[in-house]
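What follows is query.txt (compact mmCIF, C-alpha atoms).
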```
# COMPACT_ATOMS: atom_id res chain seq x y z
CA MET A 1 18.46 1.40 -11.11
CA THR A 2 19.38 3.51 -14.12
CA ALA A 3 22.20 6.04 -14.03
CA CYS A 4 21.30 9.60 -13.12
CA PRO A 5 20.52 11.75 -16.17
CA GLU A 6 22.57 14.84 -16.82
CA LEU A 7 19.40 16.93 -17.09
CA SER A 8 16.07 16.87 -15.25
CA ILE A 9 13.44 18.95 -17.04
CA VAL A 10 10.73 20.00 -14.58
CA VAL A 11 7.44 21.31 -15.98
CA PRO A 12 4.50 22.54 -13.88
CA ALA A 13 1.16 21.80 -15.55
CA TYR A 14 -2.36 22.96 -14.80
CA ASN A 15 -5.06 22.04 -17.34
CA GLU A 16 -2.51 21.67 -20.13
CA GLU A 17 -4.03 18.73 -22.03
CA ALA A 18 -3.97 20.77 -25.26
CA VAL A 19 -0.18 21.18 -25.23
CA ILE A 20 1.39 18.68 -22.85
CA GLY A 21 1.57 15.83 -25.36
CA ARG A 22 3.38 18.05 -27.84
CA LEU A 23 5.80 19.12 -25.09
CA ILE A 24 6.64 15.50 -24.24
CA GLU A 25 7.21 14.61 -27.89
CA SER A 26 9.41 17.67 -28.40
CA VAL A 27 11.62 16.67 -25.47
CA GLN A 28 11.85 13.09 -26.70
CA HIS A 29 12.99 14.19 -30.15
CA GLU A 30 14.71 17.57 -29.83
CA VAL A 31 16.44 17.29 -26.44
CA THR A 32 17.58 13.74 -27.23
CA ALA A 33 19.12 15.04 -30.47
CA GLN A 34 21.23 17.49 -28.46
CA GLY A 35 23.07 14.61 -26.79
CA ALA A 36 22.38 15.12 -23.08
CA SER A 37 20.76 12.34 -21.08
CA TRP A 38 17.48 13.56 -19.57
CA GLU A 39 14.35 12.89 -17.59
CA LEU A 40 11.12 14.85 -17.87
CA VAL A 41 9.26 15.48 -14.59
CA VAL A 42 5.76 16.82 -15.23
CA VAL A 43 4.13 18.12 -12.05
CA ASP A 44 0.35 18.23 -12.26
CA ASP A 45 -1.05 21.07 -10.16
CA GLY A 46 -4.50 19.53 -9.63
CA SER A 47 -5.70 19.70 -13.23
CA ALA A 48 -9.39 19.17 -13.96
CA ASP A 49 -8.84 18.08 -17.58
CA GLN A 50 -6.97 15.12 -19.09
CA THR A 51 -3.45 16.37 -18.37
CA VAL A 52 -2.73 13.53 -15.94
CA SER A 53 -3.98 10.86 -18.37
CA VAL A 54 -1.80 12.18 -21.19
CA VAL A 55 1.33 12.29 -19.03
CA ALA A 56 0.63 8.92 -17.40
CA ALA A 57 0.33 7.28 -20.81
CA ALA A 58 3.61 8.83 -21.93
CA ALA A 59 5.31 7.71 -18.69
CA ALA A 60 4.11 4.14 -19.22
CA ALA A 61 5.70 4.13 -22.67
CA ASP A 62 8.94 5.94 -21.78
CA ALA A 63 10.66 5.55 -18.40
CA ARG A 64 12.35 8.92 -18.87
CA VAL A 65 8.96 10.63 -18.45
CA ARG A 66 7.71 10.91 -14.86
CA LEU A 67 4.45 12.21 -13.40
CA VAL A 68 4.25 13.95 -10.02
CA GLN A 69 0.78 14.86 -8.78
CA GLY A 70 -0.27 17.47 -6.27
CA ASP A 71 -3.16 19.65 -5.18
CA HIS A 72 -3.93 22.91 -6.95
CA ARG A 73 -1.67 25.26 -5.00
CA GLY A 74 0.11 27.21 -7.72
CA LYS A 75 3.15 27.19 -9.98
CA GLY A 76 5.61 27.68 -7.15
CA ALA A 77 4.34 24.71 -5.16
CA ALA A 78 4.38 22.53 -8.27
CA LEU A 79 7.96 23.46 -9.07
CA ARG A 80 9.10 22.78 -5.51
CA HIS A 81 7.64 19.28 -5.67
CA GLY A 82 9.11 18.60 -9.09
CA ILE A 83 12.59 19.84 -8.27
CA ALA A 84 12.60 17.86 -5.02
CA ALA A 85 11.83 14.72 -7.05
CA ALA A 86 14.37 15.44 -9.81
CA ARG A 87 17.44 13.23 -10.05
CA GLY A 88 19.61 14.93 -12.63
CA ARG A 89 22.94 16.69 -12.27
CA TRP A 90 21.18 19.83 -13.50
CA VAL A 91 17.53 20.80 -13.07
CA PHE A 92 15.89 22.79 -15.84
CA MET A 93 12.57 24.52 -15.20
CA ALA A 94 10.41 24.91 -18.31
CA ASP A 95 6.90 25.96 -19.30
CA ALA A 96 4.39 23.51 -20.74
CA ASP A 97 3.51 25.74 -23.69
CA LEU A 98 6.94 25.52 -25.40
CA SER A 99 7.27 29.30 -25.53
CA MET A 100 11.05 28.80 -25.78
CA PRO A 101 12.32 26.59 -28.63
CA TRP A 102 14.59 23.76 -27.48
CA ASP A 103 17.40 25.02 -29.69
CA ASN A 104 17.91 27.65 -26.96
CA LEU A 105 18.75 24.98 -24.37
CA PRO A 106 22.49 24.85 -25.21
CA ARG A 107 22.77 28.48 -24.06
CA PHE A 108 21.98 27.24 -20.53
CA ILE A 109 23.92 23.97 -20.75
CA GLY A 110 27.00 25.81 -22.05
CA HIS A 111 27.15 27.92 -18.89
CA ALA A 112 26.61 24.83 -16.76
CA ARG A 113 29.29 22.71 -18.39
CA ARG A 114 31.84 25.52 -18.25
CA GLY A 115 31.17 25.99 -14.54
CA HIS A 116 30.29 29.65 -14.93
CA ALA A 117 27.23 29.64 -12.66
CA ASP A 118 25.08 27.38 -10.46
CA VAL A 119 21.94 29.26 -11.50
CA VAL A 120 21.31 30.20 -15.13
CA ILE A 121 18.11 32.08 -15.94
CA GLY A 122 16.47 32.73 -19.28
CA SER A 123 15.80 36.37 -20.05
CA ARG A 124 13.55 38.11 -22.54
CA GLU A 125 15.53 41.32 -21.96
CA ALA A 126 19.19 40.24 -21.98
CA ALA A 127 21.50 40.46 -24.99
CA GLY A 128 20.44 38.07 -27.75
CA ALA A 129 16.82 37.85 -26.60
CA ARG A 130 13.99 37.92 -29.12
CA ARG A 131 10.23 38.11 -28.53
CA ALA A 132 7.56 37.04 -30.99
CA GLY A 133 3.81 37.54 -30.79
CA GLU A 134 3.76 39.47 -27.53
CA ALA A 135 0.97 42.02 -27.04
CA LEU A 136 2.22 45.52 -26.26
CA GLY A 137 0.20 45.73 -23.03
CA ARG A 138 1.68 42.51 -21.71
CA ARG A 139 5.21 43.61 -22.55
CA VAL A 140 4.75 46.96 -20.81
CA SER A 141 3.23 45.35 -17.71
CA GLY A 142 6.03 42.78 -17.64
CA ARG A 143 8.70 45.45 -17.78
CA VAL A 144 7.00 47.43 -15.02
CA PHE A 145 6.83 44.30 -12.85
CA ASN A 146 10.49 43.48 -13.44
CA ALA A 147 11.45 47.05 -12.63
CA LEU A 148 9.66 46.73 -9.30
CA VAL A 149 11.41 43.43 -8.64
CA ARG A 150 14.80 45.05 -9.28
CA LEU A 151 13.93 47.96 -7.02
CA ILE A 152 12.59 45.86 -4.14
CA ALA A 153 14.45 42.56 -4.21
CA LEU A 154 16.84 41.76 -7.07
CA PRO A 155 18.88 44.66 -8.42
CA GLY A 156 20.75 43.89 -11.59
CA LEU A 157 18.52 41.13 -13.01
CA GLN A 158 16.53 42.13 -16.07
CA ASP A 159 13.91 39.36 -16.19
CA THR A 160 13.19 37.23 -13.14
CA GLN A 161 9.85 35.87 -14.36
CA CYS A 162 10.89 33.96 -17.45
CA GLY A 163 9.88 30.34 -16.86
CA TYR A 164 13.16 28.83 -18.05
CA LYS A 165 15.84 28.40 -15.39
CA LEU A 166 18.69 25.97 -14.78
CA LEU A 167 19.91 24.96 -11.31
CA SER A 168 22.87 22.82 -10.39
CA ASP A 169 22.14 19.87 -8.14
CA LYS A 170 23.89 21.70 -5.29
CA ALA A 171 21.77 24.82 -5.79
CA ALA A 172 18.59 22.74 -5.90
CA ARG A 173 19.49 20.90 -2.68
CA THR A 174 20.31 24.16 -0.95
CA LEU A 175 17.43 26.36 -2.03
CA ILE A 176 14.31 24.22 -2.47
CA PRO A 177 13.77 23.33 1.24
CA HIS A 178 13.63 27.04 2.11
CA LEU A 179 11.14 28.19 -0.52
CA THR A 180 7.70 29.23 0.72
CA ILE A 181 5.93 31.01 -2.15
CA ASP A 182 3.29 28.93 -3.97
CA GLY A 183 2.42 31.41 -6.72
CA PHE A 184 4.15 33.31 -9.52
CA ALA A 185 6.61 35.10 -7.21
CA PHE A 186 8.30 31.73 -6.64
CA ASP A 187 10.99 32.87 -9.10
CA VAL A 188 11.79 35.98 -7.07
CA GLU A 189 12.14 34.05 -3.83
CA LEU A 190 14.31 31.43 -5.55
CA LEU A 191 16.72 34.05 -6.89
CA VAL A 192 16.82 36.02 -3.63
CA LEU A 193 17.79 32.82 -1.82
CA ALA A 194 20.37 32.00 -4.50
CA ARG A 195 22.08 35.32 -3.86
CA LEU A 196 21.91 34.90 -0.11
CA ALA A 197 23.50 31.46 -0.44
CA GLY A 198 26.31 32.89 -2.57
CA PHE A 199 25.42 31.22 -5.87
CA GLU A 200 26.39 33.08 -9.02
CA ILE A 201 23.42 33.84 -11.28
CA ALA A 202 23.92 34.10 -15.05
CA GLU A 203 21.26 35.64 -17.29
CA VAL A 204 21.05 34.48 -20.93
CA GLY A 205 18.89 35.92 -23.68
CA ILE A 206 16.34 33.54 -25.20
CA THR A 207 13.81 33.43 -28.01
CA CYS A 208 10.27 33.69 -26.62
CA ASN A 209 7.17 32.82 -28.64
CA CYS A 210 4.56 34.37 -26.39
CA ARG A 211 1.38 32.56 -25.44
CA HIS A 212 -1.76 34.54 -26.17
CA ASP A 213 -3.90 32.93 -23.45
CA SER A 214 -1.49 33.82 -20.63
CA ARG A 215 -2.56 32.47 -17.22
CA VAL A 216 -1.23 35.58 -15.46
CA ARG A 217 -4.19 37.84 -14.69
CA VAL A 218 -4.49 41.08 -12.72
CA GLY A 219 -5.35 39.28 -9.48
CA ALA A 220 -2.35 36.96 -9.84
CA ALA A 221 -0.07 39.92 -10.55
CA MET A 222 -1.27 41.70 -7.42
CA SER A 223 -0.75 38.54 -5.39
CA ALA A 224 2.76 38.18 -6.84
CA PHE A 225 3.61 41.75 -5.86
CA ALA A 226 2.40 41.09 -2.30
CA ASP A 227 4.57 37.96 -2.22
CA ILE A 228 7.60 39.99 -3.31
CA LEU A 229 7.07 42.29 -0.34
CA THR A 230 6.85 39.17 1.84
CA VAL A 231 10.18 37.94 0.48
CA LYS A 232 11.76 41.31 1.20
CA ARG A 233 10.36 41.28 4.73
CA ASN A 234 11.59 37.71 5.28
CA THR A 235 15.06 38.76 4.14
CA ARG A 236 15.17 41.65 6.58
CA ARG A 237 13.96 39.45 9.45
CA GLY A 238 16.57 36.77 8.76
CA THR A 239 13.99 34.12 7.89
CA TYR A 240 16.35 32.64 5.28
CA ALA A 241 19.44 32.73 7.48
CA SER A 242 19.49 28.95 7.94
CA LEU A 243 20.26 28.08 4.30
CA ALA A 244 22.01 24.70 4.36
CA THR A 245 24.01 22.97 1.66
CA ASP A 246 23.24 19.38 2.59
CA ALA A 247 19.45 19.15 2.21
CA PRO A 248 18.49 15.70 0.87
CA ARG A 249 17.03 15.21 -2.57
CA GLU A 250 15.98 11.98 -4.32
CA HIS A 251 18.72 10.46 -6.46
CA CYS A 252 19.07 7.43 -8.65
CA ALA A 253 22.03 5.11 -8.36
```

Using the file provided, produce a representation of the structure as structure tokens.
Amino acid sequence: MTACPELSIVVPAYNEEAVIGRLIESVQHEVTAQGASWELVVVDDGSADQTVSVVAAAAAADARVRLVQGDHRGKGAALRHGIAAARGRWVFMADADLSMPWDNLPRFIGHARRGHADVVIGSREAAGARRAGEALGRRVSGRVFNALVRLIALPGLQDTQCGYKLLSDKAARTLIPHLTIDGFAFDVELLVLARLAGFEIAEVGITCNCRHDSRVRVGAAMSAFADILTVKRNTRRGTYASLATDAPREHCA
């Protein structure tokens, strides 16, 4: 078997045939140029288009590209499956639409290599962040949502919903078996558990080129808010009290 890569890039995908090929090519060229060894784990969330065919063809041509398939259950479920299958020393969650340029990746890797944090999250609000092409209404709604998250569950974090996050292998092993949220509030539950487990969380500003056909609609936002309340209730009830540090995860030799 091949040696474990330094970095596992995990991407949830639902009907992303228009962009997924470009994502794969960008990883092959731009992440390779940065010097870290990598694997790309694309998790199909029950797509009805040609997403699976595009990824399968790429995987057949490049062993560093892997396809994980699942039913259509939501972004959170897809990320759980992908992270559980990841084999790298660090696991990097990313969006299929390339809203963050890969030249931002060293901001995460720098924290990881210096040992500053086991969880490093991208932020569109932290120092050094820059947004491009974001509609005013979406930015206002995003800030309101993040304010509610800080009030209810995660004080001190400016942007929990950015899709770019880095976990150490230890954090991934510890947290993933305890996650329950299938939808967009997956990020909130992940970070709540990270704090409960004692992992330091670092927030780094990123460049965000916003997608105009955002998949987050009013119904999804309402569902995410309900899930945040569920996470808060679970915390109070001690549901997450059994966090363990030795949960198994697939590894290469």

ask   = Using only C-alpha atoms, which of A:Ala18, A:Met100, A:Val11, A:Leu148 sits nearest A:Leu229?
value = A:Leu148

Using all atoms listed in the file and a cutoff of 6 Å, can you tell me which residues are near (0.7, 23.8, -22.2) in the file's coordinates, and write them out as a compact mmCIF listing (two decimals) with C-alpha atoms, keeping the file's coordinate frame?
```
# COMPACT_ATOMS: atom_id res chain seq x y z
CA GLU A 16 -2.51 21.67 -20.13
CA VAL A 19 -0.18 21.18 -25.23
CA ILE A 20 1.39 18.68 -22.85
CA ALA A 96 4.39 23.51 -20.74
CA ASP A 97 3.51 25.74 -23.69
```

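Atom pair atom CA of A:Lys165 / atom CA of A:Val120: separated by 5.8 Å.
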
inquiry  = From the options A:Gln50, A:Ser8, A:Thr174, A:Gln69, which residue's atoms come nearest to A:Ala36, counting all atoms listed in the file?
reply    = A:Ser8

inquiry  = For a quick check of understanding, using all atoms listed in the file, which of A:Ala86, A:Ile201, A:Leu166, A:Ile206 has the smallest distance to A:Leu40?
reply    =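 Between A:Ala86, A:Ile201, A:Leu166, A:Ile206, the residue approaching A:Leu40 most closely is A:Ala86.
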
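Closest approach to A:Ala185 from the set A:Gln161, A:Thr235, A:Gln28, A:Asn104 is made by A:Gln161, with distances taken over only C-alpha atoms.
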
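Atom pair atom CA of A:Arg89 / atom CA of A:Pro101: separated by 21.9 Å.
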
inquiry  = Between atom CA of A:Ala61 and atom CA of A:Ser26, what is the distance in Å, rounded to a tenth?
reply    =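 Between atom CA of A:Ala61 and atom CA of A:Ser26 the gap is 15.2 Å.
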
key: Selection near A:Asp187, 8 Å with all atoms listed in the file, sequence-local residues under 4 positions removed, as a ChimeraX atom specification   = /A:76,160-161,191

task = Choose the residue, out of A:Ala224, A:Leu67, A:Ala59, A:Ala153, that has the smallest atom-to-atom separation from A:Val192; count only C-alpha atoms.
result =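 Smallest separation from A:Val192 among the options: A:Ala153.
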
ask   = From the set A:Leu7, A:Leu243, A:Val119, A:Asp71, which residue has the shortest atom-to-atom contact distance to A:Gly35, counting all atoms listed in the file?
value =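 The answer is A:Leu7, which sits nearest to A:Gly35.
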
Listed atoms of stretch 180-185 of chain A, axis-aligned box, 4 Å per side: centre and edge lengths to one decimal in Å, as JSON?
```
{"center_x": 5.1, "center_y": 32.0, "center_z": -4.4, "size_x": 13.3, "size_y": 14.2, "size_z": 18.2}
```

task = Find the spatial neighbours of A:His116, counting all atoms listed in the file, within a cut-off of 8 Å - ignore same-chain residues fewer than 4 positions away - and output them as a VMD selection string.
result = chain A and resid 111 to 112 200 202

I'd like the neighbourhood of A:Val204 as a compact mmCIF listing (two decimals) with C-alpha atoms, in the coordinates of the input, where a residue qualifies if any of its atoms comes within 12 Å (using all atoms listed in the file), though same-chain residues fewer than 6 positions away should be ignored.
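Everything below was put into selection.txt:
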```
# COMPACT_ATOMS: atom_id res chain seq x y z
CA ASN A 104 17.91 27.65 -26.96
CA LEU A 105 18.75 24.98 -24.37
CA PRO A 106 22.49 24.85 -25.21
CA ARG A 107 22.77 28.48 -24.06
CA PHE A 108 21.98 27.24 -20.53
CA ILE A 109 23.92 23.97 -20.75
CA GLY A 110 27.00 25.81 -22.05
CA HIS A 111 27.15 27.92 -18.89
CA ALA A 112 26.61 24.83 -16.76
CA ALA A 117 27.23 29.64 -12.66
CA VAL A 119 21.94 29.26 -11.50
CA VAL A 120 21.31 30.20 -15.13
CA ILE A 121 18.11 32.08 -15.94
CA GLY A 122 16.47 32.73 -19.28
CA SER A 123 15.80 36.37 -20.05
CA ARG A 124 13.55 38.11 -22.54
CA GLU A 125 15.53 41.32 -21.96
CA ALA A 126 19.19 40.24 -21.98
CA ALA A 127 21.50 40.46 -24.99
CA GLY A 128 20.44 38.07 -27.75
CA ALA A 129 16.82 37.85 -26.60
CA ARG A 130 13.99 37.92 -29.12
CA LEU A 157 18.52 41.13 -13.01
CA GLN A 158 16.53 42.13 -16.07
CA ASP A 159 13.91 39.36 -16.19
CA THR A 160 13.19 37.23 -13.14
CA CYS A 162 10.89 33.96 -17.45
CA TYR A 164 13.16 28.83 -18.05
CA LYS A 165 15.84 28.40 -15.39
CA LEU A 166 18.69 25.97 -14.78
```
